[in-house]
>>> print(open('final.cif').read())   # mmCIF, C-alpha atoms
data_work
#
loop_
_atom_site.group_PDB
_atom_site.id
_atom_site.type_symbol
_atom_site.label_atom_id
_atom_site.label_comp_id
_atom_site.auth_asym_id
_atom_site.auth_seq_id
_atom_site.Cartn_x
_atom_site.Cartn_y
_atom_site.Cartn_z
ATOM 1 C CA MET A 1 0.000 0.000 0.000
ATOM 2 C CA LYS A 2 1.339 3.424 -1.007
ATOM 3 C CA GLN A 3 1.926 6.019 1.669
ATOM 4 C CA ALA A 4 1.276 9.708 1.191
ATOM 5 C CA PHE A 5 4.171 11.578 -0.420
ATOM 6 C CA ASN A 6 6.214 12.482 2.656
ATOM 7 C CA PRO A 7 9.856 12.390 1.701
ATOM 8 C CA SER A 8 11.194 15.003 4.089
ATOM 9 C CA GLY A 9 12.945 13.202 6.848
ATOM 10 C CA ASP A 10 15.464 10.471 7.324
ATOM 11 C CA PHE A 11 15.860 6.953 6.062
ATOM 12 C CA THR A 12 18.430 4.298 6.791
ATOM 13 C CA LEU A 13 19.901 1.778 4.347
ATOM 14 C CA THR A 14 23.274 0.082 3.790
ATOM 15 C CA ASP A 15 25.830 1.935 1.673
ATOM 16 C CA ASP A 16 28.165 0.483 -0.928
ATOM 17 C CA SER A 17 30.891 0.037 1.695
ATOM 18 C CA GLY A 18 28.592 -2.079 3.868
ATOM 19 C CA LYS A 19 28.089 0.712 6.406
ATOM 20 C CA THR A 20 24.846 2.173 7.701
ATOM 21 C CA PHE A 21 23.695 5.211 5.701
ATOM 22 C CA HIS A 22 21.415 7.853 7.222
ATOM 23 C CA LEU A 23 20.099 10.545 4.888
ATOM 24 C CA LYS A 24 20.201 13.046 7.764
ATOM 25 C CA ASP A 25 24.007 12.756 7.800
ATOM 26 C CA TYR A 26 23.998 14.623 4.474
ATOM 27 C CA ARG A 27 22.208 17.721 5.736
ATOM 28 C CA GLY A 28 24.167 20.711 4.512
ATOM 29 C CA LYS A 29 24.654 19.046 1.122
ATOM 30 C CA VAL A 30 22.317 18.763 -1.840
ATOM 31 C CA VAL A 31 21.359 15.138 -2.554
ATOM 32 C CA LEU A 32 20.316 13.860 -5.975
ATOM 33 C CA LEU A 33 18.352 10.701 -5.145
ATOM 34 C CA TYR A 34 17.570 8.095 -7.788
ATOM 35 C CA PHE A 35 16.017 4.608 -7.680
ATOM 36 C CA GLY A 36 17.260 1.958 -10.103
ATOM 37 C CA TYR A 37 19.370 -1.179 -10.471
ATOM 38 C CA THR A 38 22.779 -2.061 -11.843
ATOM 39 C CA ALA A 39 21.511 -4.429 -14.554
ATOM 40 C CA CYS A 40 19.261 -1.712 -16.007
ATOM 41 C CA PRO A 41 19.999 -1.609 -19.721
ATOM 42 C CA ASP A 42 19.316 2.039 -20.484
ATOM 43 C CA ILE A 43 17.655 4.551 -18.147
ATOM 44 C CA CYS A 44 19.889 4.038 -15.098
ATOM 45 C CA PRO A 45 23.239 4.415 -16.875
ATOM 46 C CA ALA A 46 21.935 7.399 -18.859
ATOM 47 C CA THR A 47 20.647 9.056 -15.682
ATOM 48 C CA LEU A 48 23.818 8.460 -13.686
ATOM 49 C CA ALA A 49 25.900 9.838 -16.570
ATOM 50 C CA LYS A 50 23.634 12.899 -16.659
ATOM 51 C CA LEU A 51 23.982 13.432 -12.902
ATOM 52 C CA ALA A 52 27.782 13.243 -13.254
ATOM 53 C CA LYS A 53 27.524 15.923 -15.964
ATOM 54 C CA VAL A 54 25.404 18.076 -13.638
ATOM 55 C CA ARG A 55 28.067 17.857 -10.916
ATOM 56 C CA SER A 56 30.734 18.719 -13.477
ATOM 57 C CA LEU A 57 28.779 21.779 -14.665
ATOM 58 C CA LEU A 58 28.627 23.007 -11.062
ATOM 59 C CA GLY A 59 32.415 23.273 -10.849
ATOM 60 C CA ALA A 60 33.632 23.804 -7.277
ATOM 61 C CA ALA A 61 30.024 23.905 -6.015
ATOM 62 C CA GLY A 62 29.689 20.264 -7.103
ATOM 63 C CA LYS A 63 31.582 19.198 -3.972
ATOM 64 C CA ASN A 64 28.418 20.067 -2.005
ATOM 65 C CA VAL A 65 26.267 17.752 -4.130
ATOM 66 C CA VAL A 66 26.059 13.979 -3.709
ATOM 67 C CA THR A 67 24.361 11.441 -5.958
ATOM 68 C CA VAL A 68 22.587 8.680 -4.034
ATOM 69 C CA PHE A 69 21.493 5.602 -6.015
ATOM 70 C CA VAL A 70 19.039 3.290 -4.226
ATOM 71 C CA THR A 71 18.784 -0.163 -5.776
ATOM 72 C CA VAL A 72 15.398 -1.752 -6.297
ATOM 73 C CA ASP A 73 17.159 -5.078 -6.926
ATOM 74 C CA PRO A 74 18.675 -6.086 -3.584
ATOM 75 C CA LYS A 75 18.911 -9.742 -4.710
ATOM 76 C CA ARG A 76 21.616 -8.921 -7.264
ATOM 77 C CA ASP A 77 22.939 -5.527 -6.158
ATOM 78 C CA THR A 78 25.404 -6.232 -3.372
ATOM 79 C CA PRO A 79 27.285 -3.324 -1.793
ATOM 80 C CA ALA A 80 30.404 -4.250 -3.810
ATOM 81 C CA ARG A 81 28.477 -4.356 -7.088
ATOM 82 C CA LEU A 82 26.800 -1.029 -6.296
ATOM 83 C CA LYS A 83 30.140 0.585 -5.456
ATOM 84 C CA GLU A 84 31.706 -0.480 -8.743
ATOM 85 C CA TYR A 85 28.628 0.626 -10.690
ATOM 86 C CA VAL A 86 28.110 4.103 -9.224
ATOM 87 C CA GLU A 87 31.825 4.912 -9.104
ATOM 88 C CA TYR A 88 32.052 4.231 -12.832
ATOM 89 C CA PHE A 89 29.904 7.351 -13.323
ATOM 90 C CA ASP A 90 30.987 9.484 -10.368
ATOM 91 C CA SER A 91 33.572 8.600 -7.748
ATOM 92 C CA SER A 92 31.633 10.479 -5.073
ATOM 93 C CA ALA A 93 28.280 8.781 -5.767
ATOM 94 C CA ILE A 94 26.859 6.449 -3.132
ATOM 95 C CA GLY A 95 24.998 3.213 -3.846
ATOM 96 C CA LEU A 96 22.472 2.003 -1.289
ATOM 97 C CA THR A 97 20.857 -1.345 -0.632
ATOM 98 C CA GLY A 98 18.963 -3.099 2.135
ATOM 99 C CA THR A 99 16.296 -5.690 2.609
ATOM 100 C CA LYS A 100 13.292 -5.580 0.311
ATOM 101 C CA THR A 101 11.242 -4.244 3.238
ATOM 102 C CA GLU A 102 13.759 -1.460 3.964
ATOM 103 C CA ILE A 103 13.964 -0.461 0.304
ATOM 104 C CA ASP A 104 10.178 -0.582 -0.120
ATOM 105 C CA ARG A 105 9.808 1.784 2.849
ATOM 106 C CA VAL A 106 12.039 4.359 1.121
ATOM 107 C CA VAL A 107 10.417 3.799 -2.289
ATOM 108 C CA ASN A 108 6.982 4.352 -0.755
ATOM 109 C CA ALA A 109 8.067 7.447 1.172
ATOM 110 C CA TYR A 110 9.106 9.043 -2.129
ATOM 111 C CA ASN A 111 5.966 7.871 -3.903
ATOM 112 C CA ALA A 112 8.187 5.977 -6.324
ATOM 113 C CA SER A 113 7.508 2.526 -7.697
ATOM 114 C CA TYR A 114 9.066 -0.515 -9.286
ATOM 115 C CA GLN A 115 7.833 -3.799 -10.669
ATOM 116 C CA VAL A 116 9.793 -6.975 -11.302
ATOM 117 C CA LYS A 117 8.999 -8.474 -14.717
ATOM 118 C CA ARG A 118 9.986 -12.023 -15.603
ATOM 119 C CA SER A 119 11.823 -12.266 -18.908
ATOM 120 C CA ASN A 120 13.525 -14.799 -21.136
ATOM 121 C CA SER A 121 16.788 -12.898 -20.874
ATOM 122 C CA SER A 122 19.842 -14.432 -19.256
ATOM 123 C CA LEU A 123 19.094 -12.316 -16.168
ATOM 124 C CA GLY A 124 15.672 -13.930 -15.720
ATOM 125 C CA TYR A 125 13.923 -10.645 -14.941
ATOM 126 C CA THR A 126 13.980 -6.938 -15.543
ATOM 127 C CA ILE A 127 12.624 -4.170 -13.360
ATOM 128 C CA SER A 128 10.387 -1.350 -14.458
ATOM 129 C CA HIS A 129 10.978 1.599 -12.113
ATOM 130 C CA THR A 130 10.400 5.276 -11.468
ATOM 131 C CA SER A 131 12.872 7.393 -13.431
ATOM 132 C CA ILE A 132 12.593 10.602 -11.405
ATOM 133 C CA VAL A 133 15.609 12.212 -9.744
ATOM 134 C CA TYR A 134 14.688 13.820 -6.414
ATOM 135 C CA LEU A 135 16.603 16.977 -5.526
ATOM 136 C CA ILE A 136 16.849 17.092 -1.735
ATOM 137 C CA ASP A 137 18.003 20.443 -0.397
ATOM 138 C CA LYS A 138 20.472 21.167 2.398
ATOM 139 C CA ARG A 139 17.693 20.944 5.002
ATOM 140 C CA GLY A 140 16.616 17.503 3.828
ATOM 141 C CA ALA A 141 13.434 18.503 1.976
ATOM 142 C CA VAL A 142 12.573 17.545 -1.601
ATOM 143 C CA ARG A 143 12.863 20.743 -3.575
ATOM 144 C CA ASN A 144 12.514 19.543 -7.162
ATOM 145 C CA LEU A 145 11.765 16.467 -9.265
ATOM 146 C CA PHE A 146 13.849 16.002 -12.403
ATOM 147 C CA HIS A 147 12.526 13.976 -15.331
ATOM 148 C CA GLN A 148 14.288 12.070 -18.113
ATOM 149 C CA ASP A 149 13.976 14.907 -20.620
ATOM 150 C CA ASP A 150 15.502 17.562 -18.327
ATOM 151 C CA GLU A 151 18.804 18.802 -19.731
ATOM 152 C CA PRO A 152 21.927 18.761 -17.519
ATOM 153 C CA GLU A 153 22.357 22.540 -17.857
ATOM 154 C CA LYS A 154 18.828 23.196 -16.577
ATOM 155 C CA MET A 155 19.320 20.690 -13.774
ATOM 156 C CA ALA A 156 22.639 22.285 -12.779
ATOM 157 C CA SER A 157 20.984 25.703 -12.590
ATOM 158 C CA ILE A 158 18.270 24.395 -10.259
ATOM 159 C CA VAL A 159 20.795 22.459 -8.150
ATOM 160 C CA ARG A 160 22.953 25.619 -7.892
ATOM 161 C CA GLU A 161 19.933 27.529 -6.498
ATOM 162 C CA SER A 162 19.298 24.786 -3.940
ATOM 163 C CA ALA A 163 22.961 24.724 -2.966
ATOM 164 C CA GLY A 164 22.899 28.476 -2.368
ATOM 165 C CA THR A 165 25.856 29.130 -4.659
#
>>> encode(input="final.cif", output="structure tokens")
Amino acid sequence: MKQAFNPSGDFTLTDDSGKTFHLKDYRGKVVLLYFGYTACPDICPATLAKLAKVRSLLGAAGKNVVTVFVTVDPKRDTPARLKEYVEYFDSSAIGLTGTKTEIDRVVNAYNASYQVKRSNSSLGYTISHTSIVYLIDKRGAVRNLFHQDDEPEKMASIVRESAGT
């Protein structure tokens, strides 16, 4: 059952180093939050590449922005796999995992969604998922939702406003 959209606040998952991650520990930084999975064939790599471009466009202000990638495939996406995947796009990005229940709690809090679809591929299934990037400001509140067709330059401008630079 979906909860009301109430994403301001904290959540706890496991980061790509195997340590406990609390969103509240990133207050004072702008967080670009995205839900996906490492075996995603198209949208996830394109989005993570775009978010790396956004950070690059911000120049020195990019050090106050962190990309957080929450897997919706905890069966396959171990912390080590997440680390390798997100660092390919941006060495400062953080991959998060947890139990299905923990991940579902975060997915629901952000009014996101995903659905596992059986397939004949060698992976056995694919996952259809929300493709929104949530811009969380320095106080921990969602300030903007970015969509697939948003250009990196526009995104960087909005992130810059949220970062106060």
>>> residues_near_point(input="final.cif", point="(31.7, 17.3, 1.3)", cutoff="9 Å", atoms="all atoms listed in the file", output="list in words")
Tyr26, Gly28, Lys29, Lys63, Asn64, Val65 and Val66 of chain A
>>> closest_residue(input="final.cif", among="A:Ile132, A:Ala61, A:Val68, A:Leu32", to="A:Leu96", atoms="all atoms listed in the file")
A:Val68
>>> resolve_selection(input="final.cif", expression="the PyMOL selection byres ((chain A and resi 72) around 7)", output="ChimeraX atom specification")
/A:35-37,70-71,73-74,103
>>> residues_around(input="final.cif", residues="stretch 78-85 of chain A", least_positions_apart="6", cutoff="8 Å", atoms="only C-alpha atoms", output="list in words")
Thr14, Asp15, Asp16, Ser17, Gly18, Thr38, Ile94, Gly95, Leu96 and Thr97 of chain A
>>> closest_residue(input="final.cif", among="A:His147, A:His129, A:Lys138, A:Arg118", to="A:Gly9", atoms="all atoms listed in the file")
A:Lys138
>>> residues_around(input="final.cif", residues="A:Leu123", least_positions_apart="2", cutoff="12 Å", atoms="only C-alpha atoms", output="tab-separated table (two decimals) with C-alpha atoms, in the coordinates of the input")
chain	number	residue	atom	x	y	z
A	38	THR	CA	22.78	-2.06	-11.84
A	39	ALA	CA	21.51	-4.43	-14.55
A	40	CYS	CA	19.26	-1.71	-16.01
A	41	PRO	CA	20.00	-1.61	-19.72
A	73	ASP	CA	17.16	-5.08	-6.93
A	75	LYS	CA	18.91	-9.74	-4.71
A	76	ARG	CA	21.62	-8.92	-7.26
A	116	VAL	CA	9.79	-6.98	-11.30
A	117	LYS	CA	9.00	-8.47	-14.72
A	118	ARG	CA	9.99	-12.02	-15.60
A	119	SER	CA	11.82	-12.27	-18.91
A	120	ASN	CA	13.52	-14.80	-21.14
A	121	SER	CA	16.79	-12.90	-20.87
A	125	TYR	CA	13.92	-10.64	-14.94
A	126	THR	CA	13.98	-6.94	-15.54
A	127	ILE	CA	12.62	-4.17	-13.36
>>> atom_distance(input="final.cif", atom1="atom CA of A:Val142", atom2="atom CA of A:Tyr88")
26.1 Å
>>> closest_residue(input="final.cif", among="A:Asp77, A:Gly124, A:Lys50, A:Val30", to="A:Gly98", atoms="all atoms listed in the file")
A:Asp77
>>> atom_distance(input="final.cif", atom1="atom CA of A:Arg139", atom2="atom CA of A:Thr12")
16.8 Å
>>> atom_distance(input="final.cif", atom1="atom CA of A:Arg160", atom2="atom CA of A:Arg143")
12.0 Å
>>> axis_aligned_box(input="final.cif", around="stretch 140-144 of chain A", padding_each_side="6 Å", output="AutoDock Vina command-line options")
--center_x 14.6 --center_y 19.1 --center_z -1.7 --size_x 16.1 --size_y 15.2 --size_z 23.0
>>> residues_around(input="final.cif", residues="A:Asp104", least_positions_apart="6", cutoff="10 Å", atoms="all atoms listed in the file", output="PyMOL selection string")
chain A and resi 2+72+98+110+112-114
>>> resolve_selection(input="final.cif", expression="the PyMOL selection byres ((chain A and resi 58) around 12)", output="PyMOL selection string")
chain A and resi 30+51-57+59-66+152-165
>>> residues_near_point(input="final.cif", point="(11.4, 11.5, -14.9)", cutoff="9 Å", atoms="all atoms listed in the file", output="PDB file with C-alpha atoms, in the frame of the given file")
ATOM      1  CA  THR A 130      10.400   5.276 -11.468  1.00  0.00           C
ATOM      2  CA  SER A 131      12.872   7.393 -13.431  1.00  0.00           C
ATOM      3  CA  ILE A 132      12.593  10.602 -11.405  1.00  0.00           C
ATOM      4  CA  VAL A 133      15.609  12.212  -9.744  1.00  0.00           C
ATOM      5  CA  LEU A 145      11.765  16.467  -9.265  1.00  0.00           C
ATOM      6  CA  PHE A 146      13.849  16.002 -12.403  1.00  0.00           C
ATOM      7  CA  HIS A 147      12.526  13.976 -15.331  1.00  0.00           C
ATOM      8  CA  GLN A 148      14.288  12.070 -18.113  1.00  0.00           C
ATOM      9  CA  ASP A 149      13.976  14.907 -20.620  1.00  0.00           C
ATOM     10  CA  ASP A 150      15.502  17.562 -18.327  1.00  0.00           C
TER      11      ASP A 150
END
>>> residues_around(input="final.cif", residues="A:Asp10", least_positions_apart="6", cutoff="9 Å", atoms="all atoms listed in the file", output="PyMOL selection string")
chain A and resi 22-25+140
>>> closest_residue(input="final.cif", among="A:Tyr34, A:Tyr134, A:Phe21, A:Phe11", to="A:Thr47", atoms="all atoms listed in the file")
A:Tyr34
>>> residues_around(input="final.cif", residues="A:Leu48", least_positions_apart="4", cutoff="8 Å", atoms="only C-alpha atoms", output="PyMOL selection string")
chain A and resi 44+52+86+89-90
>>> closest_residue(input="final.cif", among="A:Phe69, A:Val107, A:Glu102, A:Ser91", to="A:Pro45", atoms="all atoms listed in the file")
A:Phe69
